[in-house]
file work34.txt (compact mmCIF, C-alpha atoms)
# COMPACT_ATOMS: atom_id res chain seq x y z
CA PHE W 9 -21.28 113.30 44.25
CA MET W 10 -23.78 112.92 47.05
CA ILE W 11 -22.76 111.45 50.41
CA ASN W 12 -24.92 108.46 51.38
CA LYS W 13 -23.23 107.26 54.54
CA LYS W 14 -20.70 108.46 57.13
CA ARG W 15 -18.93 106.04 59.48
CA GLY W 16 -15.84 106.80 61.51
CA GLY W 17 -13.45 108.70 59.30
CA ARG W 18 -14.94 107.32 56.07
CA VAL W 19 -17.76 108.41 53.81
CA GLU W 20 -19.66 106.56 51.09
CA ALA W 21 -20.98 108.59 48.18
CA ARG W 22 -22.99 108.22 44.97
CA LEU W 23 -21.63 109.69 41.74
CA LEU W 24 -23.89 112.35 40.21
CA GLU W 25 -21.83 113.77 37.35
CA VAL W 26 -18.32 113.65 35.92
CA LEU W 27 -17.21 117.25 35.34
CA GLU W 28 -13.85 116.29 33.85
CA PRO W 29 -12.35 112.84 33.25
CA SER W 30 -9.21 111.91 35.17
CA PRO W 31 -5.98 112.25 33.15
CA LEU W 32 -5.43 108.57 34.03
CA GLU W 33 -8.47 107.60 31.92
CA THR W 34 -6.62 107.09 28.66
CA ARG W 35 -8.41 104.04 27.25
CA LYS W 36 -11.77 103.65 25.57
CA PRO W 37 -14.31 101.30 27.20
CA VAL W 38 -14.06 97.75 25.89
CA CYS W 39 -17.68 96.67 26.45
CA SER W 40 -21.08 98.09 25.56
CA ILE W 41 -22.54 98.36 29.10
CA PHE W 42 -19.73 100.42 30.67
CA PRO W 43 -20.14 102.35 32.96
CA GLN W 44 -23.75 101.39 33.72
CA CYS W 45 -22.69 97.88 34.80
CA GLY W 46 -20.27 98.93 37.53
CA GLY W 47 -18.38 95.63 37.42
CA CYS W 48 -15.00 96.62 35.99
CA MET W 49 -14.85 100.35 36.59
CA TYR W 50 -11.06 100.64 36.04
CA GLN W 51 -11.11 99.51 32.40
CA THR W 52 -10.50 103.05 31.06
CA MET W 53 -7.18 103.19 32.97
CA ASP W 54 -3.90 101.75 31.75
CA TYR W 55 -3.22 98.53 33.68
CA SER W 56 0.01 99.86 35.18
CA HIS W 57 -1.95 102.75 36.72
CA GLN W 58 -4.56 100.32 38.07
CA LEU W 59 -1.83 98.37 39.83
CA GLU W 60 -0.21 101.51 41.20
CA MET W 61 -3.53 102.75 42.62
CA LYS W 62 -4.38 99.41 44.25
CA GLN W 63 -0.90 99.11 45.71
CA GLU W 64 -1.06 102.53 47.34
CA GLN W 65 -4.58 102.02 48.71
CA ILE W 66 -3.63 98.73 50.36
CA ARG W 67 -0.31 100.03 51.64
CA ARG W 68 -2.09 102.90 53.42
CA LEU W 69 -4.48 100.42 55.06
CA LEU W 70 -1.67 98.10 56.17
CA ASP W 71 0.53 100.94 57.38
CA THR W 72 -2.27 102.21 59.61
CA ALA W 73 -3.12 98.74 60.97
CA ILE W 74 0.50 97.83 61.69
CA LYS W 75 1.15 101.18 63.33
CA ASN W 76 -2.00 100.80 65.46
CA GLY W 77 -0.77 97.35 66.44
CA GLY W 78 2.43 98.88 67.81
CA GLN W 79 4.88 97.50 65.23
CA VAL W 80 6.95 100.64 64.55
CA ASP W 81 10.59 101.59 64.10
CA GLU W 82 12.56 104.15 66.12
CA ASN W 83 10.95 106.96 64.11
CA GLY W 84 7.41 105.74 64.76
CA ASN W 85 6.87 104.42 61.23
CA PRO W 86 5.31 101.00 60.53
CA ASP W 87 8.14 98.47 60.60
CA TYR W 88 7.60 95.79 57.98
CA VAL W 89 8.56 95.04 54.37
CA PHE W 90 5.94 95.96 51.77
CA GLU W 91 6.77 94.30 48.46
CA GLY W 92 4.36 96.09 46.13
CA ILE W 93 1.95 94.35 43.77
CA LYS W 94 2.12 91.53 41.22
CA GLY W 95 -0.15 91.90 38.22
CA SER W 96 -2.48 89.33 36.70
CA PRO W 97 -0.89 87.41 33.79
CA THR W 98 -3.90 88.46 31.68
CA GLU W 99 -5.88 91.71 31.87
CA PHE W 100 -9.03 90.38 30.22
CA CYS W 101 -10.82 87.04 29.72
CA TYR W 102 -9.40 85.77 33.01
CA ARG W 103 -12.51 84.76 34.97
CA ASN W 104 -13.16 81.01 35.08
CA LYS W 105 -16.56 81.54 36.72
CA MET W 106 -19.41 83.95 36.08
CA GLU W 107 -22.92 84.23 37.49
CA PHE W 108 -25.34 86.05 35.20
CA SER W 109 -28.90 87.02 36.18
CA PHE W 110 -32.12 87.04 34.16
CA GLY W 111 -34.27 90.16 34.35
CA ASP W 112 -35.02 93.31 32.39
CA ALA W 113 -33.15 96.58 31.93
CA GLU W 114 -36.26 98.67 32.59
CA LYS W 115 -39.63 97.81 34.07
CA ASP W 116 -41.61 95.43 31.80
CA GLY W 117 -38.86 95.61 29.17
CA PRO W 118 -37.61 92.68 27.07
CA LEU W 119 -35.84 89.77 28.77
CA THR W 120 -32.18 90.40 29.61
CA LEU W 121 -29.37 88.15 30.82
CA GLY W 122 -26.26 89.61 32.36
CA LEU W 123 -25.21 91.84 35.24
CA HIS W 124 -27.04 94.21 37.56
CA LYS W 125 -26.97 97.89 36.74
CA LYS W 126 -24.75 99.81 39.13
CA GLY W 127 -26.70 100.85 42.22
CA SER W 128 -29.78 98.81 41.26
CA THR W 129 -31.17 95.66 42.84
CA TYR W 130 -33.53 94.91 39.97
CA ASP W 131 -32.34 96.25 36.59
CA VAL W 132 -30.22 93.73 34.65
CA LEU W 133 -28.08 94.63 31.62
CA THR W 134 -27.37 92.01 28.95
CA ALA W 135 -23.64 91.20 29.06
CA SER W 136 -23.28 90.07 25.45
CA ASP W 137 -19.70 91.33 25.17
CA CYS W 138 -18.31 91.07 28.72
CA LYS W 139 -14.51 91.13 28.46
CA LEU W 140 -13.80 89.57 31.85
CA VAL W 141 -14.77 86.14 30.52
CA HIS W 142 -13.66 84.08 27.54
CA GLU W 143 -15.60 84.68 24.31
CA ASP W 144 -16.95 81.09 24.61
CA LEU W 145 -19.06 82.19 27.58
CA THR W 146 -20.53 85.23 25.81
CA LYS W 147 -21.51 82.98 22.89
CA ILE W 148 -23.25 80.63 25.33
CA LEU W 149 -24.99 83.55 27.07
CA THR W 150 -26.37 84.83 23.73
CA CYS W 151 -27.55 81.35 22.74
CA VAL W 152 -29.38 80.83 26.06
CA LEU W 153 -30.97 84.30 25.99
CA ASP W 154 -32.20 83.91 22.39
CA TYR W 155 -33.72 80.51 23.18
CA CYS W 156 -35.48 81.77 26.34
CA LYS W 157 -36.91 84.75 24.47
CA GLU W 158 -38.26 82.48 21.73
CA GLN W 159 -39.92 80.24 24.32
CA GLY W 160 -41.49 83.22 26.06
CA PHE W 161 -40.01 82.29 29.43
CA THR W 162 -40.37 84.91 32.16
CA TYR W 163 -37.73 85.77 34.73
CA TYR W 164 -38.26 85.31 38.46
CA HIS W 165 -39.62 88.48 40.09
CA LYS W 166 -38.05 88.75 43.54
CA MET W 167 -40.91 90.79 45.01
CA ARG W 168 -43.83 88.80 43.52
CA HIS W 169 -42.06 85.40 43.71
CA GLU W 170 -43.30 84.61 40.22
CA GLY W 171 -41.43 83.57 37.10
CA TYR W 172 -39.18 80.83 35.78
CA LEU W 173 -35.64 82.00 34.91
CA ARG W 174 -33.17 82.91 37.65
CA HIS W 175 -29.48 82.63 36.75
CA LEU W 176 -26.97 81.30 34.28
CA LEU W 177 -23.83 80.06 36.07
CA MET W 178 -20.91 79.21 33.81
CA ARG W 179 -17.45 77.88 34.63
CA ARG W 180 -14.60 77.41 32.15
CA GLY W 181 -11.15 76.02 32.88
CA ASN W 182 -8.57 78.55 31.73
CA THR W 183 -5.95 75.83 31.29
CA THR W 184 -8.20 72.99 30.11
CA GLY W 185 -10.91 74.82 28.14
CA GLU W 186 -13.58 72.60 29.75
CA ILE W 187 -16.95 74.35 30.17
CA LEU W 188 -19.73 73.63 32.68
CA ILE W 189 -23.10 75.34 32.04
CA ASN W 190 -25.71 75.66 34.80
CA LEU W 191 -29.18 77.03 34.02
CA VAL W 192 -30.90 77.98 37.28
CA THR W 193 -34.72 78.19 37.30
CA THR W 194 -37.70 77.80 39.58
CA THR W 195 -40.06 74.82 39.34
CA GLN W 196 -42.95 77.01 38.15
CA LEU W 197 -42.59 75.54 34.64
CA ASN W 198 -41.38 72.15 33.44
CA PRO W 199 -40.35 72.57 29.79
CA ASP W 200 -38.40 70.16 27.63
CA LEU W 201 -34.92 71.73 27.37
CA SER W 202 -33.52 69.25 24.86
CA GLU W 203 -33.57 71.83 22.04
CA LEU W 204 -31.50 74.24 24.15
CA VAL W 205 -28.96 71.46 24.74
CA GLU W 206 -28.76 70.81 20.98
CA ARG W 207 -28.21 74.50 20.24
CA LEU W 208 -25.49 74.79 22.86
CA MET W 209 -23.67 71.70 21.61
CA ALA W 210 -23.79 73.08 18.04
CA LEU W 211 -21.96 76.28 18.99
CA SER W 212 -18.49 76.86 17.54
CA LEU W 213 -16.33 77.25 20.64
CA GLU W 214 -12.62 77.29 21.36
CA GLY W 215 -13.17 75.17 24.46
CA LYS W 216 -15.39 72.14 25.01
CA ILE W 217 -18.71 71.83 26.83
CA VAL W 218 -18.39 68.91 29.26
CA GLY W 219 -21.62 69.39 31.18
CA ILE W 220 -25.01 71.13 30.95
CA LEU W 221 -26.99 71.18 34.19
CA HIS W 222 -30.52 72.31 35.05
CA ILE W 223 -30.52 73.56 38.64
CA LEU W 224 -33.90 73.97 40.35
CA ASN W 225 -34.09 76.67 43.01
CA ASP W 226 -37.34 77.82 44.67
CA SER W 227 -35.62 79.71 47.50
CA LEU W 228 -36.89 83.22 48.22
CA ALA W 229 -33.30 84.40 48.59
CA ASP W 230 -31.63 85.82 45.49
CA LEU W 231 -28.76 83.33 45.63
CA VAL W 232 -27.44 80.78 43.17
CA GLN W 233 -28.15 77.54 44.99
CA SER W 234 -29.68 74.15 44.26
CA ASP W 235 -32.76 72.35 45.59
CA GLU W 236 -32.27 69.75 42.85
CA THR W 237 -29.73 69.38 40.03
CA ARG W 238 -30.52 67.57 36.78
CA VAL W 239 -27.77 66.66 34.34
CA LEU W 240 -29.01 67.45 30.82
CA TYR W 241 -25.71 66.55 29.17
CA GLY W 242 -22.34 65.15 30.19
CA GLN W 243 -21.14 65.52 33.77
CA ASP W 244 -21.56 67.83 36.78
CA TYR W 245 -17.90 68.88 37.05
CA PHE W 246 -14.94 70.13 35.03
CA TYR W 247 -11.17 70.04 35.47
CA GLU W 248 -8.68 72.86 35.96
CA GLU W 249 -4.91 72.67 36.46
CA LEU W 250 -2.68 74.75 38.74
CA LEU W 251 1.06 74.44 39.34
CA GLY W 252 1.15 70.89 37.99
CA LEU W 253 -1.86 69.73 40.02
CA LYS W 254 -5.27 68.78 38.65
CA PHE W 255 -8.51 69.91 40.28
CA ARG W 256 -12.04 68.61 39.77
CA ILE W 257 -14.48 71.48 40.28
CA SER W 258 -18.25 71.21 40.74
CA PRO W 259 -20.85 73.99 40.23
CA PHE W 260 -20.71 75.48 43.73
CA SER W 261 -17.25 74.58 45.01
CA PHE W 262 -14.93 77.51 45.70
CA PHE W 263 -12.00 77.95 43.38
CA GLN W 264 -9.99 81.09 42.63
CA THR W 265 -11.77 82.80 39.72
CA ASN W 266 -8.53 83.76 37.93
CA SER W 267 -6.66 80.48 37.35
CA LEU W 268 -3.47 82.03 35.93
CA GLY W 269 -3.52 84.70 38.64
CA ALA W 270 -4.04 81.97 41.25
CA GLU W 271 -0.79 80.36 40.12
CA VAL W 272 0.99 83.65 40.87
CA LEU W 273 -0.83 83.89 44.22
CA TYR W 274 -0.01 80.37 45.38
CA GLN W 275 3.53 80.41 44.05
CA THR W 276 4.08 83.63 46.03
CA ALA W 277 2.55 82.08 49.15
CA ARG W 278 4.83 79.07 48.74
CA GLU W 279 7.84 81.40 48.46
CA TYR W 280 6.72 83.24 51.61
CA ILE W 281 6.58 79.98 53.50
CA GLY W 282 10.12 79.37 52.25
CA ASP W 283 12.42 77.36 54.48
CA SER W 284 9.64 76.82 57.03
CA LEU W 285 8.56 73.94 54.79
CA ASP W 286 11.33 73.77 52.19
CA GLU W 287 11.79 69.99 52.20
CA LYS W 288 10.01 66.90 53.44
CA SER W 289 9.47 67.76 57.08
CA GLU W 290 7.70 66.40 60.12
CA LYS W 291 5.45 69.44 60.38
CA THR W 292 1.67 69.51 60.55
CA VAL W 293 0.02 72.29 58.56
CA TYR W 294 -3.47 73.68 59.05
CA ASP W 295 -5.09 75.10 55.91
CA LEU W 296 -8.06 77.00 57.35
CA TYR W 297 -10.90 78.06 55.04
CA SER W 298 -9.44 75.60 52.55
CA GLY W 299 -12.05 75.66 49.74
CA THR W 300 -11.30 72.84 47.30
CA GLY W 301 -7.95 72.26 49.01
CA THR W 302 -5.71 74.03 46.51
CA ILE W 303 -3.21 75.43 49.03
CA ALA W 304 -3.21 72.23 51.09
CA GLN W 305 -2.23 70.18 48.08
CA ILE W 306 0.44 72.62 46.95
CA LEU W 307 2.04 72.42 50.43
CA SER W 308 1.58 68.70 50.99
CA PRO W 309 4.93 67.54 49.50
CA ALA W 310 6.76 69.62 52.12
CA ALA W 311 4.75 68.56 55.18
CA LYS W 312 4.07 65.47 57.24
CA HIS W 313 0.35 66.13 57.41
CA VAL W 314 -1.95 68.85 56.03
CA ILE W 315 -5.39 69.37 57.56
CA GLY W 316 -7.87 71.51 55.64
CA VAL W 317 -11.02 72.94 57.22
CA GLU W 318 -13.87 74.34 55.09
CA ILE W 319 -17.52 75.04 55.90
CA VAL W 320 -18.88 74.20 52.41
CA GLU W 321 -19.39 70.42 52.35
CA GLU W 322 -19.38 70.21 48.55
CA ALA W 323 -15.98 71.93 48.47
CA VAL W 324 -14.62 69.47 51.06
CA GLU W 325 -15.79 66.49 48.99
CA ALA W 326 -14.11 68.06 45.95
CA ALA W 327 -10.92 68.60 47.98
CA LYS W 328 -10.84 64.90 48.96
CA GLU W 329 -11.37 63.85 45.35
CA ASN W 330 -8.65 66.25 44.17
CA ALA W 331 -6.13 64.94 46.69
CA GLN W 332 -6.87 61.42 45.47
CA LEU W 333 -6.62 62.58 41.87
CA ASN W 334 -3.16 64.02 42.58
CA GLN W 335 -2.11 60.93 44.59
CA LEU W 336 -1.53 62.91 47.78
CA GLU W 337 -1.93 60.71 50.84
CA ASN W 338 -1.06 63.17 53.61
CA CYS W 339 -4.01 65.58 53.14
CA ASP W 340 -7.19 65.38 55.22
CA PHE W 341 -10.18 67.68 54.87
CA ILE W 342 -12.87 68.38 57.46
CA ALA W 343 -16.25 69.94 56.73
CA GLY W 344 -17.40 72.48 59.30
CA ASP W 345 -17.03 75.95 60.76
CA VAL W 346 -13.40 76.71 61.68
CA LEU W 347 -14.59 78.08 65.04
CA LYS W 348 -16.06 74.70 66.04
CA VAL W 349 -13.81 72.27 64.16
CA LEU W 350 -10.60 73.51 65.83
CA ASP W 351 -11.88 72.11 69.15
CA SER W 352 -12.12 68.60 67.69
CA ILE W 353 -8.69 68.29 66.03
CA GLU W 354 -6.26 66.54 68.35
CA GLU W 355 -3.15 67.00 66.22
CA LYS W 356 -1.69 70.48 66.85
CA PRO W 357 -0.30 72.61 64.01
CA ASP W 358 3.30 73.68 63.41
CA PHE W 359 2.28 76.08 60.65
CA ILE W 360 -1.04 77.73 59.72
CA VAL W 361 -2.29 79.09 56.40
CA LEU W 362 -5.35 81.34 56.56
CA ASP W 363 -7.47 82.16 53.51
CA PRO W 364 -10.76 83.38 55.01
CA PRO W 365 -13.85 84.73 53.20
CA ARG W 366 -14.28 88.46 52.61
CA GLU W 367 -15.50 89.23 56.12
CA GLY W 368 -12.24 87.91 57.60
CA ILE W 369 -11.86 85.63 60.63
CA HIS W 370 -14.51 85.35 63.35
CA PRO W 371 -13.07 86.98 66.54
CA LYS W 372 -13.52 83.80 68.59
CA ALA W 373 -11.86 81.67 65.90
CA LEU W 374 -9.04 84.20 65.74
CA GLU W 375 -8.40 83.75 69.47
CA LYS W 376 -8.20 79.96 69.07
CA ILE W 377 -5.76 80.33 66.17
CA ILE W 378 -3.53 82.68 68.15
CA ARG W 379 -3.48 80.34 71.16
CA TYR W 380 -1.72 77.64 69.11
CA GLY W 381 1.32 79.93 69.21
CA VAL W 382 2.79 78.64 65.92
CA ASP W 383 6.03 80.30 64.91
CA ARG W 384 4.81 81.40 61.50
CA MET W 385 1.56 81.95 59.62
CA ILE W 386 0.52 83.00 56.14
CA TYR W 387 -2.65 85.11 55.83
CA ILE W 388 -4.16 85.41 52.33
CA SER W 389 -6.92 88.01 52.11
CA CYS W 390 -9.36 89.05 49.39
CA LYS W 391 -10.57 92.08 51.37
CA PRO W 392 -7.84 94.37 52.73
CA THR W 393 -10.07 96.11 55.29
CA SER W 394 -10.82 92.74 56.94
CA LEU W 395 -7.12 91.88 56.84
CA ALA W 396 -6.18 95.21 58.45
CA ARG W 397 -8.66 94.62 61.29
CA ASP W 398 -7.37 91.08 61.96
CA LEU W 399 -3.70 92.12 61.75
CA GLU W 400 -4.10 94.59 64.61
CA ILE W 401 -5.30 91.73 66.83
CA PHE W 402 -2.43 89.45 65.77
CA LEU W 403 0.10 92.18 66.55
CA ARG W 404 -1.32 92.87 70.00
CA ARG W 405 -1.12 89.14 70.76
CA GLY W 406 2.56 88.57 70.08
CA TYR W 407 2.90 88.36 66.29
CA ARG W 408 4.66 90.72 63.91
CA VAL W 409 4.18 91.24 60.19
CA GLU W 410 7.38 90.27 58.41
CA ARG W 411 6.34 91.17 54.86
CA CYS W 412 3.32 91.70 52.63
CA VAL W 413 2.65 91.65 48.91
CA CYS W 414 -0.46 92.27 46.78
CA VAL W 415 -1.44 89.93 43.93
CA ASP W 416 -3.97 91.30 41.47
CA GLN W 417 -6.51 88.59 40.73
CA PHE W 418 -9.21 90.95 39.49
CA ALA W 419 -7.89 93.25 36.76
CA GLN W 420 -10.22 96.13 35.76
CA THR W 421 -12.03 95.95 39.14
CA VAL W 422 -11.45 97.44 42.60
CA HIS W 423 -10.52 94.09 44.16
CA THR W 424 -7.16 92.45 44.81
CA GLU W 425 -5.57 89.79 47.04
CA THR W 426 -2.96 90.39 49.76
CA ILE W 427 -0.51 87.92 51.30
CA CYS W 428 1.00 88.57 54.75
CA HIS W 429 3.74 86.61 56.49
CA LEU W 430 3.34 86.64 60.28
CA LYS W 431 6.01 85.62 62.78
CA HIS W 432 5.56 84.86 66.48
CA THR W 433 7.80 87.03 68.63
CA ILE W 434 7.04 85.73 72.16
CA GLU W 435 9.12 82.81 73.42
CA LYS W 436 7.11 79.72 74.30
CA GLN W 437 6.99 78.74 77.96

call {"tool": "encode", "arguments": {"input": "work34.txt", "output": "structure tokens"}}
result
Amino acid sequence: FMINKKRGGRVEARLLEVLEPSPLETRKPVCSIFPQCGGCMYQTMDYSHQLEMKQEQIRRLLDTAIKNGGQVDENGNPDYVFEGIKGSPTEFCYRNKMEFSFGDAEKDGPLTLGLHKKGSTYDVLTASDCKLVHEDLTKILTCVLDYCKEQGFTYYHKMRHEGYLRHLLMRRGNTTGEILINLVTTTQLNPDLSELVERLMALSLEGKIVGILHILNDSLADLVQSDETRVLYGQDYFYEELLGLKFRISPFSFFQTNSLGAEVLYQTAREYIGDSLDEKSEKTVYDLYSGTGTIAQILSPAAKHVIGVEIVEEAVEAAKENAQLNQLENCDFIAGDVLKVLDSIEEKPDFIVLDPPREGIHPKALEKIIRYGVDRMIYISCKPTSLARDLEIFLRRGYRVERCVCVDQFAQTVHTETICHLKHTIEKQ
């Protein structure tokens, strides 16, 4: 390998050659673009070994953070309970959302639709047999790509700002089988897409297409976003179910990408909360970075009032609709940045659930959260390095980590979720 970057005690390197495969690589690749894709690089390992590796990596990070925060036993070891890792209920076909890009695999090559080649900003590999998604979605991908090739559509060149096709965003409810298709293009052409709709609706699928959307995006940024959304068929949402609750999900609203894994995650979080909210109480709960309000609604039967805060307005609207759908009257959702919104909420929390984005909690927001001095908090993290950084601050400000557990939401990939239970140790004045 060649070292690209050095920072602190860490290095980042680029693989040049594999001299000898690891003895842990006992499985054959399950898709045609491995390892060029770089998406699910653990797929040649047995799943039990994947879990073991993730568990040890995260434990080392947490041990260091908790020790740095001064939470140690008489022997100087980090003093908390680490409860290992819980696996995803399914290893493959678990993603309920996938964003595919249009492009080419080599300069001026034929049109492709899929995932970026590892280490490349431009080259796109056709993901015609991606095993992270249900086969329904790969059938749809092939149908869309074939149609676009026949029409002679060009993809959007990020440097020249020319071209028509940008992304194909698909969402499929794991529990409902409902499918929402979103074709993202520029406005540089205005073709009649009715034939594409007919072809998609004629596909033999296990699930059911409930909506086909044409999303127009002329932004220079390489992001899946909408300047205008046109409904070509059906509706602009689909339904998914978790732990007996029903959720209406729109194209851009946040929702855990592994629905069955999310049930494990939220059930575990509920168990961690335990007797803090074990029966109808008079407690107010803050669900910060609440997305479509999943956690808020799961906790609502055991709280007086749940207040969710989320910066994405579309997700907040979806959260309100979902609470109504589930007949929950004690949930309120506020659109805005946690850092600013906390200043405007008069009702103080008795319990806080944190589920921040990958970069963790803004330092100033973290200070405001700590100042509430609630007895207990649950921190759910999708990036353990951000969690480790934030935990050190919590520990220095009067909290201790009671216990932690990992929940694997992203089998075959490097990512996982971590849940930490924090307890306040300083008596209130």

call {"tool": "closest_residue", "arguments": {"input": "work34.txt", "among": "W:Arg103, W:Arg238, W:His222, W:His142", "to": "W:Thr265", "atoms": "all atoms listed in the file"}}
result
W:Arg103

call {"tool": "residues_around", "arguments": {"input": "work34.txt", "residues": "W:Asp345", "least_positions_apart": "2", "cutoff": "10 Å", "atoms": "all atoms listed in the file", "output": "ChimeraX atom specification"}}
result
/W:296-297,317-320,342-343,347-350,373

call {"tool": "closest_residue", "arguments": {"input": "work34.txt", "among": "W:Ile315, W:Thr292, W:Asn85, W:Asn334", "to": "W:Leu250", "atoms": "all atoms listed in the file"}}
result
W:Asn334

call {"tool": "residues_around", "arguments": {"input": "work34.txt", "residues": "W:His175", "least_positions_apart": "4", "cutoff": "9 Å", "atoms": "only C-alpha atoms", "output": "PyMOL selection string"}}
result
chain W and resi 107-110+121-122+190-193+231-232

call {"tool": "residues_around", "arguments": {"input": "work34.txt", "residues": "W:Ala304", "least_positions_apart": "4", "cutoff": "8 Å", "atoms": "all atoms listed in the file", "output": "JSON, numbers by chain"}}
result
{"W": [295, 298, 308, 314, 315, 316, 339]}

call {"tool": "residues_around", "arguments": {"input": "work34.txt", "residues": "W:Thr424", "least_positions_apart": "4", "cutoff": "8 Å", "atoms": "only C-alpha atoms", "output": "list of chain:residue names"}}
result
W:Lys62, W:Cys390, W:Lys391, W:Cys414, W:Val415, W:Asp416, W:Gln417, W:Phe418

call {"tool": "write_last_selection", "arguments": {"input": "work34.txt", "atoms": "C-alpha atoms", "output": "PDB file, keeping the file's coordinate frame"}}
result
ATOM      1  CA  LYS W  62      -4.380  99.410  44.250  1.00  0.00           C
ATOM      2  CA  CYS W 390      -9.360  89.050  49.390  1.00  0.00           C
ATOM      3  CA  LYS W 391     -10.570  92.080  51.370  1.00  0.00           C
ATOM      4  CA  CYS W 414      -0.460  92.270  46.780  1.00  0.00           C
ATOM      5  CA  VAL W 415      -1.440  89.930  43.930  1.00  0.00           C
ATOM      6  CA  ASP W 416      -3.970  91.300  41.470  1.00  0.00           C
ATOM      7  CA  GLN W 417      -6.510  88.590  40.730  1.00  0.00           C
ATOM      8  CA  PHE W 418      -9.210  90.950  39.490  1.00  0.00           C
TER       9      PHE W 418
END

call {"tool": "closest_residue", "arguments": {"input": "work34.txt", "among": "W:Ala113, W:Pro31, W:Ala21, W:Val141", "to": "W:Ala419", "atoms": "only C-alpha atoms"}}
result
W:Val141

call {"tool": "atom_distance", "arguments": {"input": "work34.txt", "atom1": "atom CA of W:Thr302", "atom2": "atom CA of W:Gly368"}}
result
18.9 Å

call {"tool": "atom_distance", "arguments": {"input": "work34.txt", "atom1": "atom CA of W:Asp112", "atom2": "atom CA of W:Cys156"}}
result
13.0 Å

call {"tool": "residues_near_point", "arguments": {"input": "work34.txt", "point": "(-12.0, 84.6, 38.0)", "cutoff": "7 Å", "atoms": "all atoms listed in the file", "output": "list in words"}}
result
Tyr102, Arg103, Asn104, Lys105, Gln264, Thr265, Asn266 and Ser267 of chain W

call {"tool": "residues_near_point", "arguments": {"input": "work34.txt", "point": "(-15.1, 91.5, 61.3)", "cutoff": "10 Å", "atoms": "only C-alpha atoms", "output": "number ranges by chain"}}
result
W: 366-371, 393-395, 397-398

call {"tool": "write_last_selection", "arguments": {"input": "work34.txt", "atoms": "C-alpha atoms", "output": "compact mmCIF listing (two decimals), in the coordinates of the input"}}
result
# COMPACT_ATOMS: atom_id res chain seq x y z
CA ARG W 366 -14.28 88.46 52.61
CA GLU W 367 -15.50 89.23 56.12
CA GLY W 368 -12.24 87.91 57.60
CA ILE W 369 -11.86 85.63 60.63
CA HIS W 370 -14.51 85.35 63.35
CA PRO W 371 -13.07 86.98 66.54
CA THR W 393 -10.07 96.11 55.29
CA SER W 394 -10.82 92.74 56.94
CA LEU W 395 -7.12 91.88 56.84
CA ARG W 397 -8.66 94.62 61.29
CA ASP W 398 -7.37 91.08 61.96

call {"tool": "residues_around", "arguments": {"input": "work34.txt", "residues": "stretch 78-83 of chain W", "least_positions_apart": "3", "cutoff": "10 Å", "atoms": "all atoms listed in the file", "output": "mmCIF file with C-alpha atoms, in the frame of the given file"}}
result
data_model
loop_
_atom_site.group_PDB
_atom_site.id
_atom_site.type_symbol
_atom_site.label_atom_id
_atom_site.label_comp_id
_atom_site.auth_asym_id
_atom_site.auth_seq_id
_atom_site.Cartn_x
_atom_site.Cartn_y
_atom_site.Cartn_z
ATOM 1 C CA ASP W 71 0.530 100.940 57.380
ATOM 2 C CA ALA W 73 -3.120 98.740 60.970
ATOM 3 C CA ILE W 74 0.500 97.830 61.690
ATOM 4 C CA LYS W 75 1.150 101.180 63.330
ATOM 5 C CA PRO W 86 5.310 101.000 60.530
ATOM 6 C CA ASP W 87 8.140 98.470 60.600
ATOM 7 C CA TYR W 88 7.600 95.790 57.980
ATOM 8 C CA GLU W 400 -4.100 94.590 64.610
ATOM 9 C CA LEU W 403 0.100 92.180 66.550
ATOM 10 C CA ARG W 404 -1.320 92.870 70.000
ATOM 11 C CA TYR W 407 2.900 88.360 66.290
ATOM 12 C CA ARG W 408 4.660 90.720 63.910
ATOM 13 C CA VAL W 409 4.180 91.240 60.190
#
